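The file target_1.json contains JSON, C-alpha atoms:
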[["chain", "number", "residue", "atom", "x", "y", "z"],
["A", 1, "MET", "CA", 62.71, -5.60, -68.09],
["A", 2, "ALA", "CA", 63.07, -1.87, -68.63],
["A", 3, "GLY", "CA", 60.08, 0.26, -67.79],
["A", 4, "SER", "CA", 58.27, -2.48, -65.86],
["A", 5, "ILE", "CA", 56.51, -1.67, -62.60],
["A", 6, "PRO", "CA", 57.62, -3.69, -59.56],
["A", 7, "ALA", "CA", 54.98, -6.02, -58.19],
["A", 8, "SER", "CA", 55.24, -4.42, -54.75],
["A", 9, "VAL", "CA", 54.31, -1.02, -56.20],
["A", 10, "GLY", "CA", 51.26, -2.44, -57.92],
["A", 11, "SER", "CA", 50.14, -4.16, -54.74],
["A", 12, "GLU", "CA", 50.44, -0.92, -52.74],
["A", 13, "ARG", "CA", 48.21, 1.12, -55.03],
["A", 14, "PRO", "CA", 44.94, -0.74, -54.28],
["A", 15, "ARG", "CA", 45.68, -0.45, -50.55],
["A", 16, "ARG", "CA", 46.13, 3.29, -50.85],
["A", 17, "ARG", "CA", 42.95, 3.62, -52.87],
["A", 18, "VAL", "CA", 41.13, 1.71, -50.13],
["A", 19, "ALA", "CA", 42.57, 4.10, -47.54],
["A", 20, "VAL", "CA", 41.44, 7.14, -49.54],
["A", 21, "ILE", "CA", 37.93, 5.73, -49.96],
["A", 22, "ALA", "CA", 37.83, 4.91, -46.24],
["A", 23, "ALA", "CA", 38.89, 8.47, -45.41],
["A", 24, "TRP", "CA", 36.06, 9.94, -47.49],
["A", 25, "LEU", "CA", 33.53, 7.55, -45.95],
["A", 26, "LEU", "CA", 34.81, 8.47, -42.50],
["A", 27, "VAL", "CA", 34.39, 12.17, -43.25],
["A", 28, "ALA", "CA", 30.83, 11.50, -44.47],
["A", 29, "LEU", "CA", 30.01, 9.50, -41.34],
["A", 30, "CYS", "CA", 31.39, 12.22, -39.07],
["A", 31, "ALA", "CA", 29.47, 14.88, -41.00],
["A", 32, "LEU", "CA", 26.28, 12.86, -40.57],
["A", 33, "ALA", "CA", 26.89, 12.50, -36.84],
["A", 34, "PHE", "CA", 27.45, 16.22, -36.23],
["A", 35, "ALA", "CA", 24.71, 17.35, -38.63],
["A", 36, "ALA", "CA", 22.14, 14.93, -37.16],
["A", 37, "PRO", "CA", 20.46, 17.57, -34.93],
["A", 38, "LEU", "CA", 19.58, 19.44, -38.13],
["A", 39, "LEU", "CA", 18.24, 16.32, -39.85],
["A", 40, "THR", "CA", 15.76, 15.13, -37.24],
["A", 41, "PRO", "CA", 13.18, 17.01, -35.17],
["A", 42, "HIS", "CA", 13.70, 14.63, -32.25],
["A", 43, "ALA", "CA", 16.10, 15.33, -29.42],
["A", 44, "PRO", "CA", 18.07, 12.30, -28.17],
["A", 45, "ASP", "CA", 16.71, 12.65, -24.62],
["A", 46, "THR", "CA", 13.04, 13.33, -25.47],
["A", 47, "ILE", "CA", 10.82, 10.68, -23.89],
["A", 48, "ASP", "CA", 7.64, 9.69, -25.71],
["A", 49, "LEU", "CA", 6.07, 6.69, -23.97],
["A", 50, "ALA", "CA", 3.19, 6.65, -26.45],
["A", 51, "ASN", "CA", 5.66, 5.60, -29.18],
["A", 52, "ALA", "CA", 7.81, 3.30, -27.06],
["A", 53, "THR", "CA", 9.62, 0.50, -28.95],
["A", 54, "SER", "CA", 8.34, 1.60, -32.33],
["A", 55, "VAL", "CA", 9.51, -0.50, -35.27],
["A", 56, "PRO", "CA", 11.74, 1.34, -37.80],
["A", 57, "ALA", "CA", 9.62, 2.76, -40.61],
["A", 58, "MET", "CA", 10.85, 4.99, -43.40],
["A", 59, "GLN", "CA", 7.38, 6.49, -43.76],
["A", 60, "GLY", "CA", 7.10, 7.55, -40.11],
["A", 61, "SER", "CA", 8.85, 10.17, -38.03],
["A", 62, "HIS", "CA", 11.15, 7.56, -36.44],
["A", 63, "ALA", "CA", 13.01, 6.01, -39.38],
["A", 64, "TRP", "CA", 15.28, 3.97, -37.08],
["A", 65, "GLY", "CA", 12.56, 3.23, -34.53],
["A", 66, "THR", "CA", 12.46, 4.13, -30.84],
["A", 67, "ASP", "CA", 13.65, 2.57, -27.61],
["A", 68, "ARG", "CA", 11.57, 1.45, -24.64],
["A", 69, "LEU", "CA", 11.23, 5.07, -23.46],
["A", 70, "GLY", "CA", 10.16, 6.31, -26.87],
["A", 71, "ARG", "CA", 13.44, 8.05, -27.63],
["A", 72, "ASP", "CA", 14.41, 8.29, -31.29],
["A", 73, "VAL", "CA", 17.08, 5.68, -32.11],
["A", 74, "PHE", "CA", 18.60, 7.74, -34.92],
["A", 75, "ALA", "CA", 19.07, 10.78, -32.67],
["A", 76, "ARG", "CA", 20.44, 8.61, -29.86],
["A", 77, "THR", "CA", 22.82, 6.74, -32.15],
["A", 78, "MET", "CA", 24.16, 9.92, -33.69],
["A", 79, "GLN", "CA", 24.65, 11.40, -30.22],
["A", 80, "GLY", "CA", 26.50, 8.23, -29.20],
["A", 81, "LEU", "CA", 28.65, 8.43, -32.31],
["A", 82, "ARG", "CA", 29.54, 12.06, -31.55],
["A", 83, "VAL", "CA", 30.43, 11.25, -27.95],
["A", 84, "SER", "CA", 32.49, 8.20, -28.90],
["A", 85, "LEU", "CA", 34.37, 10.08, -31.63],
["A", 86, "LEU", "CA", 35.16, 13.02, -29.37],
["A", 87, "MET", "CA", 36.16, 10.76, -26.48],
["A", 88, "GLY", "CA", 38.32, 8.61, -28.72],
["A", 89, "LEU", "CA", 39.99, 11.61, -30.34],
["A", 90, "ALA", "CA", 40.65, 13.38, -27.02],
["A", 91, "ALA", "CA", 42.02, 10.23, -25.39],
["A", 92, "ALA", "CA", 44.19, 9.47, -28.42],
["A", 93, "LEU", "CA", 45.63, 12.99, -28.47],
["A", 94, "ALA", "CA", 46.38, 12.84, -24.75],
["A", 95, "SER", "CA", 47.96, 9.40, -24.95],
["A", 96, "VAL", "CA", 50.05, 10.33, -28.01],
["A", 97, "ALA", "CA", 51.26, 13.55, -26.37],
["A", 98, "ILE", "CA", 52.27, 11.73, -23.19],
["A", 99, "GLY", "CA", 53.79, 8.77, -25.01],
["A", 100, "THR", "CA", 55.76, 10.93, -27.45],
["A", 101, "SER", "CA", 57.22, 13.09, -24.68],
["A", 102, "TRP", "CA", 58.05, 10.12, -22.46],
["A", 103, "GLY", "CA", 59.57, 8.04, -25.25],
["A", 104, "ALA", "CA", 61.64, 10.91, -26.68],
["A", 105, "ILE", "CA", 63.10, 11.79, -23.28],
["A", 106, "ALA", "CA", 63.80, 8.15, -22.42],
["A", 107, "GLY", "CA", 65.41, 7.47, -25.80],
["A", 108, "TYR", "CA", 67.56, 10.59, -25.82],
["A", 109, "ALA", "CA", 68.64, 10.24, -22.19],
["A", 110, "GLY", "CA", 69.59, 6.58, -22.57],
["A", 111, "GLY", "CA", 71.58, 4.82, -19.89],
["A", 112, "ARG", "CA", 70.07, 4.11, -16.50],
["A", 113, "ALA", "CA", 67.65, 7.04, -16.66],
["A", 114, "GLY", "CA", 66.12, 5.86, -19.93],
["A", 115, "ALA", "CA", 66.01, 2.25, -18.73],
["A", 116, "ALA", "CA", 64.28, 3.32, -15.49],
["A", 117, "MET", "CA", 61.67, 5.26, -17.44],
["A", 118, "MET", "CA", 60.92, 2.24, -19.62],
["A", 119, "ARG", "CA", 60.68, -0.03, -16.57],
["A", 120, "ILE", "CA", 57.84, 2.24, -15.40],
["A", 121, "VAL", "CA", 56.17, 1.60, -18.75],
["A", 122, "ASP", "CA", 56.60, -2.15, -18.22],
["A", 123, "VAL", "CA", 55.01, -1.92, -14.76],
["A", 124, "LEU", "CA", 52.03, 0.00, -16.13],
["A", 125, "TYR", "CA", 51.68, -2.61, -18.87],
["A", 126, "ALA", "CA", 51.33, -5.27, -16.17],
["A", 127, "LEU", "CA", 48.53, -3.45, -14.31],
["A", 128, "PRO", "CA", 45.02, -4.79, -15.02],
["A", 129, "TYR", "CA", 43.37, -2.10, -17.10],
["A", 130, "VAL", "CA", 39.80, -2.76, -15.98],
["A", 131, "PHE", "CA", 40.92, -2.87, -12.34],
["A", 132, "LEU", "CA", 42.47, 0.58, -12.68],
["A", 133, "VAL", "CA", 39.29, 1.98, -14.21],
["A", 134, "ILE", "CA", 37.14, 0.43, -11.48],
["A", 135, "ILE", "CA", 39.33, 2.12, -8.86],
["A", 136, "LEU", "CA", 39.03, 5.50, -10.58],
["A", 137, "ALA", "CA", 35.26, 5.04, -11.00],
["A", 138, "THR", "CA", 34.96, 4.19, -7.30],
["A", 139, "VAL", "CA", 37.09, 7.06, -6.01],
["A", 140, "PHE", "CA", 35.54, 9.65, -8.31],
["A", 141, "GLU", "CA", 32.02, 10.18, -9.60],
["A", 142, "ARG", "CA", 30.90, 7.44, -11.96],
["A", 143, "GLY", "CA", 30.25, 8.74, -15.43],
["A", 144, "ASN", "CA", 32.58, 11.73, -15.03],
["A", 145, "VAL", "CA", 33.88, 12.36, -18.55],
["A", 146, "LEU", "CA", 37.22, 13.73, -17.32],
["A", 147, "VAL", "CA", 37.84, 10.68, -15.14],
["A", 148, "LEU", "CA", 36.90, 8.43, -18.05],
["A", 149, "LEU", "CA", 39.38, 10.25, -20.31],
["A", 150, "ILE", "CA", 42.13, 9.91, -17.70],
["A", 151, "ALA", "CA", 41.39, 6.21, -17.30],
["A", 152, "ILE", "CA", 41.52, 5.57, -21.04],
["A", 153, "ALA", "CA", 44.60, 7.71, -21.70],
["A", 154, "SER", "CA", 46.46, 6.27, -18.70],
["A", 155, "VAL", "CA", 47.28, 3.10, -20.63],
["A", 156, "GLY", "CA", 46.96, 4.30, -24.21],
["A", 157, "TRP", "CA", 50.34, 6.06, -24.23],
["A", 158, "LEU", "CA", 52.50, 3.05, -23.39],
["A", 159, "THR", "CA", 52.91, 1.67, -26.92],
["A", 160, "THR", "CA", 53.55, 5.16, -28.29],
["A", 161, "ALA", "CA", 56.34, 5.62, -25.76],
["A", 162, "ARG", "CA", 58.02, 2.42, -26.91],
["A", 163, "ILE", "CA", 57.75, 3.36, -30.58],
["A", 164, "VAL", "CA", 59.16, 6.86, -30.05],
["A", 165, "ARG", "CA", 61.96, 5.59, -27.81],
["A", 166, "GLY", "CA", 63.10, 3.16, -30.48],
["A", 167, "GLN", "CA", 63.09, 5.90, -33.12],
["A", 168, "THR", "CA", 64.93, 8.32, -30.80],
["A", 169, "LEU", "CA", 67.64, 5.78, -29.95],
["A", 170, "ALA", "CA", 68.46, 5.60, -33.66],
["A", 171, "LEU", "CA", 68.24, 9.36, -34.22],
["A", 172, "ARG", "CA", 70.52, 10.31, -31.32],
["A", 173, "GLN", "CA", 73.42, 8.66, -33.17],
["A", 174, "ARG", "CA", 72.83, 10.63, -36.38],
["A", 175, "GLU", "CA", 75.31, 13.27, -37.48],
["A", 176, "PHE", "CA", 72.96, 16.26, -37.26],
["A", 177, "VAL", "CA", 72.07, 15.42, -33.66],
["A", 178, "GLU", "CA", 75.71, 14.94, -32.69],
["A", 179, "ALA", "CA", 76.58, 18.22, -34.41],
["A", 180, "ALA", "CA", 73.87, 20.06, -32.49],
["A", 181, "ARG", "CA", 75.08, 18.50, -29.25],
["A", 182, "ALA", "CA", 78.69, 19.52, -30.01],
["A", 183, "MET", "CA", 77.54, 23.10, -30.64],
["A", 184, "GLY", "CA", 76.02, 23.22, -27.18],
["A", 185, "VAL", "CA", 72.38, 23.26, -28.27],
["A", 186, "PRO", "CA", 70.14, 22.62, -25.23],
["A", 187, "THR", "CA", 68.61, 19.17, -24.94],
["A", 188, "TRP", "CA", 65.05, 20.43, -25.13],
["A", 189, "ARG", "CA", 65.80, 22.26, -28.39],
["A", 190, "ILE", "CA", 67.42, 19.16, -29.90],
["A", 191, "LEU", "CA", 64.32, 17.16, -29.02],
["A", 192, "VAL", "CA", 61.93, 19.77, -30.41],
["A", 193, "ARG", "CA", 63.82, 20.74, -33.57],
["A", 194, "HIS", "CA", 65.58, 17.53, -34.56],
["A", 195, "VAL", "CA", 64.08, 14.47, -32.86],
["A", 196, "LEU", "CA", 60.33, 15.08, -32.79],
["A", 197, "PRO", "CA", 60.00, 16.18, -36.46],
["A", 198, "ASN", "CA", 61.76, 12.96, -37.53],
["A", 199, "VAL", "CA", 59.46, 10.72, -35.49],
["A", 200, "ALA", "CA", 56.30, 12.60, -36.53],
["A", 201, "GLY", "CA", 55.50, 10.21, -39.39],
["A", 202, "PRO", "CA", 55.27, 6.99, -37.34],
["A", 203, "VAL", "CA", 53.55, 8.86, -34.51],
["A", 204, "ILE", "CA", 50.85, 10.30, -36.80],
["A", 205, "ALA", "CA", 50.25, 6.89, -38.33],
["A", 206, "TYR", "CA", 50.02, 5.19, -34.94],
["A", 207, "ALA", "CA", 47.83, 8.01, -33.57],
["A", 208, "THR", "CA", 45.29, 7.29, -36.30],
["A", 209, "LEU", "CA", 45.30, 3.64, -35.25],
["A", 210, "THR", "CA", 44.99, 4.70, -31.60],
["A", 211, "VAL", "CA", 41.67, 6.50, -32.10],
["A", 212, "PRO", "CA", 39.65, 3.32, -32.83],
["A", 213, "GLN", "CA", 41.44, 1.63, -29.94],
["A", 214, "MET", "CA", 40.37, 4.43, -27.60],
["A", 215, "ILE", "CA", 36.81, 4.27, -28.95],
["A", 216, "LEU", "CA", 36.70, 0.54, -28.24],
["A", 217, "TYR", "CA", 38.07, 1.13, -24.72],
["A", 218, "GLU", "CA", 35.36, 3.70, -24.05],
["A", 219, "SER", "CA", 32.68, 1.48, -25.54],
["A", 220, "PHE", "CA", 33.83, -1.46, -23.44],
["A", 221, "LEU", "CA", 33.70, 0.61, -20.25],
["A", 222, "SER", "CA", 30.29, 2.01, -21.14],
["A", 223, "PHE", "CA", 29.08, -1.51, -21.91],
["A", 224, "LEU", "CA", 30.13, -2.51, -18.38],
["A", 225, "GLY", "CA", 28.35, 0.53, -16.93],
["A", 226, "LEU", "CA", 31.60, 2.30, -15.97],
["A", 227, "GLY", "CA", 31.59, 4.82, -18.80],
["A", 228, "VAL", "CA", 29.16, 7.44, -20.04],
["A", 229, "GLN", "CA", 25.98, 7.63, -17.98],
["A", 230, "GLU", "CA", 22.43, 8.75, -18.76],
["A", 231, "PRO", "CA", 21.16, 11.06, -20.17],
["A", 232, "LEU", "CA", 24.35, 11.17, -22.25],
["A", 233, "ALA", "CA", 24.89, 8.22, -24.55],
["A", 234, "SER", "CA", 27.86, 6.65, -26.29],
["A", 235, "LEU", "CA", 27.98, 3.78, -28.76],
["A", 236, "GLY", "CA", 29.07, 1.46, -25.98],
["A", 237, "SER", "CA", 26.20, 2.37, -23.66],
["A", 238, "LEU", "CA", 23.73, 2.09, -26.56],
["A", 239, "VAL", "CA", 25.07, -1.36, -27.44],
["A", 240, "SER", "CA", 24.65, -2.36, -23.79],
["A", 241, "GLU", "CA", 21.05, -1.12, -23.77],
["A", 242, "GLY", "CA", 20.32, -2.78, -27.10],
["A", 243, "ALA", "CA", 21.73, -6.11, -25.91],
["A", 244, "ARG", "CA", 19.18, -6.18, -23.08],
["A", 245, "ASP", "CA", 16.24, -5.68, -25.46],
["A", 246, "MET", "CA", 17.57, -7.44, -28.56],
["A", 247, "GLU", "CA", 14.93, -10.19, -28.45],
["A", 248, "VAL", "CA", 11.99, -7.78, -28.59],
["A", 249, "ALA", "CA", 13.64, -4.82, -30.35],
["A", 250, "PRO", "CA", 16.73, -5.91, -32.30],
["A", 251, "TRP", "CA", 17.08, -2.52, -34.01],
["A", 252, "LEU", "CA", 18.21, -1.06, -30.68],
["A", 253, "LEU", "CA", 21.35, -3.19, -30.97],
["A", 254, "VAL", "CA", 21.81, -3.18, -34.75],
["A", 255, "ALA", "CA", 22.02, 0.62, -35.15],
["A", 256, "PRO", "CA", 24.78, 1.45, -32.61],
["A", 257, "ALA", "CA", 26.67, -1.80, -33.23],
["A", 258, "THR", "CA", 26.78, -1.11, -36.97],
["A", 259, "CYS", "CA", 28.01, 2.45, -36.40],
["A", 260, "LEU", "CA", 30.66, 1.23, -33.96],
["A", 261, "ALA", "CA", 31.89, -1.42, -36.38],
["A", 262, "ALA", "CA", 31.87, 1.02, -39.31],
["A", 263, "VAL", "CA", 33.80, 3.81, -37.58],
["A", 264, "THR", "CA", 36.45, 1.47, -36.14],
["A", 265, "LEU", "CA", 36.90, -0.27, -39.50],
["A", 266, "LEU", "CA", 37.25, 3.01, -41.40],
["A", 267, "LEU", "CA", 39.70, 4.43, -38.87],
["A", 268, "ASN", "CA", 41.82, 1.29, -39.06],
["A", 269, "LEU", "CA", 41.88, 1.43, -42.86],
["A", 270, "VAL", "CA", 42.92, 5.09, -42.80],
["A", 271, "GLY", "CA", 45.56, 4.32, -40.19],
["A", 272, "ASP", "CA", 46.96, 1.49, -42.29],
["A", 273, "GLY", "CA", 47.15, 3.81, -45.28],
["A", 274, "LEU", "CA", 48.99, 6.49, -43.30],
["A", 275, "ARG", "CA", 51.38, 3.92, -41.90],
["A", 276, "ASP", "CA", 52.23, 2.74, -45.41],
["A", 277, "ALA", "CA", 52.61, 6.33, -46.61],
["A", 278, "PHE", "CA", 55.02, 7.28, -43.81],
["A", 279, "ASP", "CA", 56.99, 4.03, -43.98],
["A", 280, "PRO", "CA", 60.27, 4.77, -45.80],
["A", 281, "ARG", "CA", 60.54, 1.14, -46.86],
["A", 282, "THR", "CA", 57.26, 1.36, -48.79],
["A", 283, "PRO", "CA", 57.72, 2.10, -52.51],
["A", 284, "SER", "CA", 56.27, 5.46, -53.56]]
Representation of the structure as structure tokens:
Amino acid sequence: MAGSIPASVGSERPRRRVAVIAAWLLVALCALAFAAPLLTPHAPDTIDLANATSVPAMQGSHAWGTDRLGRDVFARTMQGLRVSLLMGLAAALASVAIGTSWGAIAGYAGGRAGAAMMRIVDVLYALPYVFLVIILATVFERGNVLVLLIAIASVGWLTTARIVRGQTLALRQREFVEAARAMGVPTWRILVRHVLPNVAGPVIAYATLTVPQMILYESFLSFLGLGVQEPLASLGSLVSEGARDMEVAPWLLVAPATCLAAVTLLLNLVGDGLRDAFDPRTPS
């Protein structure tokens, strides 16, 4: 029927609206996390044993309660959210940069060189992730943020490399790439000017989905005691502390766990929206 809207287009619009709403909520949550020092008079590492394990009370100075050392839960949770967001973003950027470079080179090179590079990816996939982190935490100082970033990013780039390699294998057969090769354009320039801009869409979409994955990795390591150490806090370390005291002070677990669930959910929704937007098969 002329003028009718395909059903697939109508089904995509609510998903994109959800992604836009999720993006605004994510911005609000990040703004709250970074503006928290201006919203509360309590520092996250201030110990007040006289108010230890105070129950949340909107009328008091500790709206989200305190932990067993009297530290303000709101200030601690917002600090943990800042640390987790920054760690997740830094690890995602590092993993995407490594994976994009590796995948583009492997896909453009092809042949035995490209196959050898991807066999390295397969070997790294087979390595136990937690075992690798334990080794790094043993060799280096536990709680070192740089070591933690290296440990998280060391496995986060593998899927990106596979995605970019697949895209590059298709692009290297395109006419504009063959024309540039025939004109004697250097390989690095072909990769930078022709290959990478054409794989940017899928990479950006996957990078957005990588951030919550990196946050969960960091939270998992901190929950095991291999991540961020005191006096610094992350959502994972706060969840670990709250789990120990959940029977007597459940708010110590509810606050960081809710923030962790909210930020990962919002990031996944935004990532899904970007993936649909950059997918050429999705109706506009």
Report the closest atom pair, with its distance in Å rounded to one decimal, for each residue of segment 42-132 of chain A that has an atom no farther than 10 Å from segment 180-202 of chain A; count only C-alpha atoms, sort by chain and then rising residue number, and write it as a tab-separated table.
residue	atom	partner	partner_atom	distance
A:Thr100	CA	A:Leu196	CA	8.2
A:Ser101	CA	A:Leu196	CA	8.9
A:Ala104	CA	A:Leu191	CA	7.2
A:Ile105	CA	A:Leu191	CA	8.0
A:Tyr108	CA	A:Leu191	CA	8.0
A:Ala109	CA	A:Thr187	CA	9.3
Worksheet item: How far is it from atom CA of Pro128 of chain A to atom CA of Thr210 of chain A, in Å with one decimal?
Response: 19.1 Å
Fill in: Between atom CA of Glu218 of chain A and atom CA of Ala151 of chain A - distance in Å to one decimal
9.4 Å
Check which residues of segment 81-160 of chain A sit at most 10 Å from segment 251-271 of chain A using all atoms listed in the file, and return one row each with the closest pair of atoms and their distance in Å to one decimal, ordered by chain and rising number, as a tab-separated table.
residue	atom	partner	partner_atom	distance
A:Leu81	CA	A:Cys259	CA	7.3
A:Ser84	CA	A:Leu260	CA	8.8
A:Leu85	CA	A:Val263	CA	8.7
Discussion item. Residues within 10 Å of Thr159 of chain A, please, as a count of residues only. Count all atoms listed in the file; anything in the same chain fewer than 6 positions from it doesn't count.
Written reply: 10
Worksheet entry | Among listed residues A:Leu158, A:Leu26, A:Ile150, A:Leu224, nearest Ala91 of chain A (using all atoms listed in the file) |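 So, comparing all the options, the nearest one is A:Ile150.
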Discussion item. Please report the interatomic distance between atom CA of Pro44 of chain A and atom CA of Arg82 of chain A in Å with one decimal.
Written reply: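 About the pair atom CA of Pro44 of chain A and atom CA of Arg82 of chain A: they are 12.0 Å apart.
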